[in-house]
Amino acid sequence: RNQCRSAFKGKYKLPPPQPRKEYRSFSEIPKEFIQAQASTFKAQADQQKNLLVLHSTEGSRNNGAVGTGRYFALPTAKGAAHYTVDDKKIVQSVREEFKAHHANGRNDNSIGIEHCGSAEFCKEEWLDDYSINQLHMSAWLAADICYRWKIPPIYLTPEEVNNRKPGICAHNDVTVGTGRGSHWDPGPNFPYEHYINMVRQFLKTYGQFIVTGK
């Protein structure tokens with residue numbers, strides 16, 4: 001990681017660079033559905049969702065969202081998130097209303113979004129061309145989910161996650177808040193503030209102005 005920081009030093013400054021293709025609505029983004037293995041989720045269509053959990057796949061970016069979706073579909077898969085995003089498309093693996101096994105301790109009330117990357121990424125890797133494009137699409141997805149499920153676009157602390165406050169968090173916040181599991185993705189260098197700001201910006205196109213969650 002020190003080599004990473006050295007190689008990217010001074011290359012990016014805030015605000016982060018713009019995506020290759022700037023989508024004007026969620027409907028414009030390419031999407032695909034790859035059904036996850038049945039053991040990775042539980043059908044419970046009456047479950048209310050009030051938490052959006054951000055993940056990183058921890059695999060090679062070369063596999064992309066489709067590769068992760070195919071992995072979730074394997075008979076050996078132990079878990080699955082509802083969505084995976086790469087720099088070109090969004091792949092859905094589990095219906096939102098179903099309980100996906102993606103964040104131990106808060107699977108029942110949450111929707112999970114995987115990003116092709118690693119918790120060990122340095123800041124510059126989360127702001128390279130690939131990441132900027134996937135984060136742009138992911139923020140549109142998050143805005144659409146927040147709008148439909150009435151989830152406020154606020155970033156939660158681990159304590160708030162444990163208290164089941166509605167909002168957005170990292171898998172690490174579920175781990176720390178509930179004391180269950182060991183996952184710390186998508187890592188401390190994920191651009192959380194930039195991501196939440198994009199979600200709020202995109203929500204304005206829906207006429208949705210939930211900000212505080214109060």
# chains A, B, ... in the order shown; residues from 1 in each chain; ligands from 1

call {"tool": "closest_atom_pairs", "arguments": {"of": "segment 18-39 of chain A", "to": "segment 93-97 of chain A", "cutoff": "10 Å", "atoms": "only C-alpha atoms", "output": "tab-separated table"}}
result
residue	atom	partner	partner_atom	distance
A:Glu32	CA	A:Ser93	CA	8.8
A:Phe33	CA	A:Ser93	CA	6.0
A:Ile34	CA	A:Ser93	CA	5.1
A:Gln35	CA	A:Ser93	CA	4.9
A:Ala36	CA	A:Ser93	CA	5.0
A:Gln37	CA	A:Ser93	CA	8.7
A:Ala38	CA	A:Val94	CA	9.3

call {"tool": "residues_around", "arguments": {"residues": "Lys78 of chain A", "least_positions_apart": "3", "cutoff": "10 Å", "atoms": "only C-alpha atoms", "output": "list of chain:residue names"}}
result
A:Gln37, A:Ser39, A:Thr40, A:Phe41, A:Tyr71, A:Phe72, A:Ala73, A:Leu74, A:Pro75, A:His101, A:His102

call {"tool": "write_last_selection", "arguments": {"atoms": "C-alpha atoms", "output": "PDB file, in the first residue's frame"}}
result
ATOM      1  CA  GLN A  37     -27.747 -19.486  -4.791  1.00  0.00           C
ATOM      2  CA  SER A  39     -28.939 -20.821   0.430  1.00  0.00           C
ATOM      3  CA  THR A  40     -27.500 -17.270   0.390  1.00  0.00           C
ATOM      4  CA  PHE A  41     -30.814 -15.546   1.090  1.00  0.00           C
ATOM      5  CA  TYR A  71     -19.877 -16.437  -7.698  1.00  0.00           C
ATOM      6  CA  PHE A  72     -22.986 -15.732  -5.598  1.00  0.00           C
ATOM      7  CA  ALA A  73     -24.854 -18.202  -7.829  1.00  0.00           C
ATOM      8  CA  LEU A  74     -22.459 -21.093  -7.135  1.00  0.00           C
ATOM      9  CA  PRO A  75     -23.711 -23.983  -4.980  1.00  0.00           C
ATOM     10  CA  HIS A 101     -26.703 -13.058   3.949  1.00  0.00           C
ATOM     11  CA  HIS A 102     -24.295 -10.146   3.502  1.00  0.00           C
TER      12      HIS A 102
END

call {"tool": "select_by_dssp", "arguments": {"residues": "segment 65-209 of chain A", "states": "strand (DSSP E)", "output": "PyMOL selection string"}}
result
chain A and resi 83-85+90-92+99-100+110-115+167-170

call {"tool": "write_last_selection", "arguments": {"atoms": "C-alpha atoms", "output": "JSON list (two decimals), in the first residue's frame"}}
result
[["chain", "number", "residue", "atom", "x", "y", "z"],
["A", 83, "TYR", "CA", -26.24, -5.84, -5.76],
["A", 84, "THR", "CA", -22.73, -5.63, -7.18],
["A", 85, "VAL", "CA", -21.45, -2.61, -9.11],
["A", 90, "ILE", "CA", -25.06, -3.06, -11.97],
["A", 91, "VAL", "CA", -25.77, -6.74, -11.29],
["A", 92, "GLN", "CA", -28.59, -7.72, -8.96],
["A", 99, "LYS", "CA", -33.02, -11.27, 3.52],
["A", 100, "ALA", "CA", -29.60, -11.67, 1.91],
["A", 110, "SER", "CA", -30.66, -4.09, 5.19],
["A", 111, "ILE", "CA", -29.86, -4.01, 1.48],
["A", 112, "GLY", "CA", -26.24, -4.64, 0.47],
["A", 113, "ILE", "CA", -24.20, -3.11, -2.37],
["A", 114, "GLU", "CA", -20.86, -4.66, -3.32],
["A", 115, "HIS", "CA", -18.17, -2.57, -5.03],
["A", 167, "GLY", "CA", -29.40, 5.30, 7.00],
["A", 168, "ILE", "CA", -26.26, 4.20, 5.17],
["A", 169, "CYS", "CA", -23.21, 2.46, 6.62],
["A", 170, "ALA", "CA", -20.20, 0.31, 5.81]]

call {"tool": "residues_around", "arguments": {"residues": "Glu28 of chain A", "least_positions_apart": "4", "cutoff": "12 Å", "atoms": "only C-alpha atoms", "output": "VMD selection string"}}
result
chain A and resid 21 to 24 88 to 90 137 140 to 141

call {"tool": "write_last_selection", "arguments": {"atoms": "all heavy atoms", "output": "compact mmCIF listing (two decimals), in the first residue's frame"}}
result
# COMPACT_ATOMS: atom_id res chain seq x y z
N LYS A 21 -18.84 8.39 -18.19
CA LYS A 21 -20.21 8.67 -18.64
C LYS A 21 -21.02 9.10 -17.44
O LYS A 21 -21.14 8.37 -16.47
CB LYS A 21 -20.85 7.44 -19.27
CG LYS A 21 -22.29 7.67 -19.73
CD LYS A 21 -22.84 6.46 -20.47
CE LYS A 21 -24.32 6.65 -20.83
NZ LYS A 21 -24.55 7.86 -21.64
N GLU A 22 -21.52 10.31 -17.48
CA GLU A 22 -22.29 10.84 -16.37
C GLU A 22 -23.77 10.60 -16.62
O GLU A 22 -24.40 11.25 -17.45
CB GLU A 22 -22.01 12.34 -16.18
CG GLU A 22 -22.52 12.88 -14.88
CD GLU A 22 -21.90 14.22 -14.54
OE1 GLU A 22 -21.05 14.70 -15.31
OE2 GLU A 22 -22.26 14.77 -13.49
N TYR A 23 -24.33 9.62 -15.91
CA TYR A 23 -25.73 9.26 -16.11
C TYR A 23 -26.63 10.33 -15.50
O TYR A 23 -26.36 10.86 -14.42
CB TYR A 23 -26.02 7.90 -15.49
CG TYR A 23 -25.32 6.76 -16.21
CD1 TYR A 23 -24.14 6.22 -15.70
CD2 TYR A 23 -25.82 6.25 -17.40
CE1 TYR A 23 -23.48 5.19 -16.36
CE2 TYR A 23 -25.16 5.22 -18.07
CZ TYR A 23 -24.00 4.70 -17.54
OH TYR A 23 -23.35 3.69 -18.20
N ARG A 24 -27.74 10.57 -16.19
CA ARG A 24 -28.68 11.59 -15.73
C ARG A 24 -29.83 11.00 -14.93
O ARG A 24 -30.60 11.72 -14.31
CB ARG A 24 -29.22 12.36 -16.93
CG ARG A 24 -28.17 13.19 -17.66
CD ARG A 24 -28.71 13.75 -18.95
NE ARG A 24 -29.06 12.67 -19.88
CZ ARG A 24 -29.62 12.87 -21.07
NH1 ARG A 24 -29.92 14.08 -21.47
NH2 ARG A 24 -29.89 11.83 -21.86
N LYS A 88 -19.01 -0.56 -15.25
CA LYS A 88 -19.82 -0.59 -16.47
C LYS A 88 -21.29 -0.93 -16.25
O LYS A 88 -22.13 -0.54 -17.05
CB LYS A 88 -19.23 -1.59 -17.47
CG LYS A 88 -17.85 -1.22 -17.98
CD LYS A 88 -17.35 -2.25 -18.98
CE LYS A 88 -15.99 -1.84 -19.55
NZ LYS A 88 -14.95 -1.81 -18.51
N LYS A 89 -21.61 -1.67 -15.18
CA LYS A 89 -23.00 -2.05 -14.99
C LYS A 89 -23.29 -2.42 -13.54
O LYS A 89 -22.38 -2.54 -12.72
CB LYS A 89 -23.38 -3.22 -15.89
CG LYS A 89 -22.72 -4.54 -15.54
CD LYS A 89 -23.42 -5.76 -16.17
CE LYS A 89 -23.64 -5.62 -17.65
NZ LYS A 89 -24.20 -6.85 -18.24
N ILE A 90 -24.58 -2.61 -13.27
CA ILE A 90 -25.06 -3.06 -11.97
C ILE A 90 -25.65 -4.46 -12.14
O ILE A 90 -26.45 -4.70 -13.04
CB ILE A 90 -26.16 -2.12 -11.43
CG1 ILE A 90 -25.57 -0.72 -11.14
CG2 ILE A 90 -26.80 -2.70 -10.17
CD1 ILE A 90 -26.63 0.32 -10.83
N MET A 137 -22.30 5.14 -10.50
CA MET A 137 -23.45 4.26 -10.73
C MET A 137 -24.02 3.75 -9.41
O MET A 137 -25.23 3.64 -9.23
CB MET A 137 -23.06 3.11 -11.65
CG MET A 137 -22.79 3.53 -13.07
SD MET A 137 -22.58 2.14 -14.20
CE MET A 137 -21.03 1.48 -13.64
N TRP A 140 -26.21 6.31 -7.78
CA TRP A 140 -27.54 6.34 -8.40
C TRP A 140 -28.40 5.20 -7.87
O TRP A 140 -29.59 5.38 -7.57
CB TRP A 140 -27.43 6.25 -9.92
CG TRP A 140 -27.40 7.56 -10.63
CD1 TRP A 140 -26.37 8.06 -11.38
CD2 TRP A 140 -28.44 8.55 -10.68
NE1 TRP A 140 -26.70 9.31 -11.89
CE2 TRP A 140 -27.97 9.62 -11.47
CE3 TRP A 140 -29.71 8.63 -10.11
CZ2 TRP A 140 -28.74 10.76 -11.71
CZ3 TRP A 140 -30.48 9.76 -10.35
CH2 TRP A 140 -29.99 10.80 -11.14
N LEU A 141 -27.80 4.02 -7.75
CA LEU A 141 -28.52 2.87 -7.20
C LEU A 141 -28.95 3.15 -5.76
O LEU A 141 -30.10 2.89 -5.38
CB LEU A 141 -27.62 1.63 -7.25
CG LEU A 141 -28.12 0.38 -6.52
CD1 LEU A 141 -29.45 -0.10 -7.09
CD2 LEU A 141 -27.06 -0.73 -6.60

call {"tool": "select_by_dssp", "arguments": {"residues": "segment 9-111 of chain A", "states": "helix (DSSP H, G or I)", "output": "ChimeraX atom specification"}}
result
/A:26-28,38-40,61-72

call {"tool": "atom_distance", "arguments": {"atom1": "atom CA of Thr178 of chain A", "atom2": "atom CA of Pro191 of chain A"}}
result
23.1 Å

call {"tool": "closest_residue", "arguments": {"among": "A:Gly79, A:Pro186, A:Gly67, A:Gly207", "to": "Arg148 of chain A", "atoms": "only C-alpha atoms"}}
result
A:Gly207

call {"tool": "closest_residue", "arguments": {"among": "A:Ile132, A:Cys116, A:Leu51, A:Ala142", "to": "Phe26 of chain A", "atoms": "only C-alpha atoms"}}
result
A:Ala142

call {"tool": "residues_around", "arguments": {"residues": "Gly177 of chain A", "least_positions_apart": "2", "cutoff": "8 Å", "atoms": "only C-alpha atoms", "output": "ChimeraX atom specification"}}
result
/A:157-162,173-175,179

call {"tool": "write_last_selection", "arguments": {"atoms": "N, CA and C atoms", "output": "PDB file, in the first residue's frame"}}
result
ATOM      1  N   THR A 157     -23.085   5.960  12.482  1.00  0.00           N
ATOM      2  CA  THR A 157     -22.010   5.453  13.329  1.00  0.00           C
ATOM      3  C   THR A 157     -22.315   3.991  13.677  1.00  0.00           C
ATOM      4  N   PRO A 158     -21.314   3.232  14.131  1.00  0.00           N
ATOM      5  CA  PRO A 158     -21.583   1.855  14.561  1.00  0.00           C
ATOM      6  C   PRO A 158     -22.662   1.768  15.638  1.00  0.00           C
ATOM      7  N   GLU A 159     -22.660   2.729  16.570  1.00  0.00           N
ATOM      8  CA  GLU A 159     -23.668   2.732  17.630  1.00  0.00           C
ATOM      9  C   GLU A 159     -25.067   2.921  17.044  1.00  0.00           C
ATOM     10  N   GLU A 160     -25.191   3.803  16.059  1.00  0.00           N
ATOM     11  CA  GLU A 160     -26.485   4.030  15.425  1.00  0.00           C
ATOM     12  C   GLU A 160     -26.950   2.802  14.655  1.00  0.00           C
ATOM     13  N   VAL A 161     -25.991   2.110  14.029  1.00  0.00           N
ATOM     14  CA  VAL A 161     -26.328   0.864  13.333  1.00  0.00           C
ATOM     15  C   VAL A 161     -26.858  -0.159  14.336  1.00  0.00           C
ATOM     16  N   ASN A 162     -26.194  -0.258  15.469  1.00  0.00           N
ATOM     17  CA  ASN A 162     -26.612  -1.204  16.500  1.00  0.00           C
ATOM     18  C   ASN A 162     -27.996  -0.871  17.050  1.00  0.00           C
ATOM     19  N   ASP A 173     -19.095  -0.971   9.925  1.00  0.00           N
ATOM     20  CA  ASP A 173     -19.936  -0.374  10.965  1.00  0.00           C
ATOM     21  C   ASP A 173     -20.890  -1.403  11.557  1.00  0.00           C
ATOM     22  N   VAL A 174     -21.338  -2.345  10.737  1.00  0.00           N
ATOM     23  CA  VAL A 174     -22.168  -3.434  11.250  1.00  0.00           C
ATOM     24  C   VAL A 174     -21.339  -4.333  12.167  1.00  0.00           C
ATOM     25  N   THR A 175     -20.117  -4.651  11.728  1.00  0.00           N
ATOM     26  CA  THR A 175     -19.219  -5.490  12.528  1.00  0.00           C
ATOM     27  C   THR A 175     -18.941  -4.866  13.895  1.00  0.00           C
ATOM     28  N   GLY A 179     -20.919  -6.219  17.018  1.00  0.00           N
ATOM     29  CA  GLY A 179     -19.949  -7.132  17.607  1.00  0.00           C
ATOM     30  C   GLY A 179     -19.966  -8.505  16.974  1.00  0.00           C
TER      31      GLY A 179
END

call {"tool": "atom_distance", "arguments": {"atom1": "atom CA of Ser118 of chain A", "atom2": "atom CA of Tyr155 of chain A"}}
result
19.9 Å

call {"tool": "closest_residue", "arguments": {"among": "A:His136, A:Arg20, A:Arg106, A:Lys49", "to": "Met198 of chain A", "atoms": "only C-alpha atoms"}}
result
A:His136

call {"tool": "residues_around", "arguments": {"residues": "Pro188 of chain A", "least_positions_apart": "2", "cutoff": "9 Å", "atoms": "only C-alpha atoms", "output": "number ranges by chain"}}
result
A: 119-123, 184-186, 190-192

call {"tool": "closest_residue", "arguments": {"among": "A:Thr57, A:Asn107, A:Asn197, A:Ser131", "to": "Arg164 of chain A", "atoms": "only C-alpha atoms"}}
result
A:Asn107

call {"tool": "atom_distance", "arguments": {"atom1": "atom CA of Ile196 of chain A", "atom2": "atom CA of Pro153 of chain A"}}
result
6.5 Å
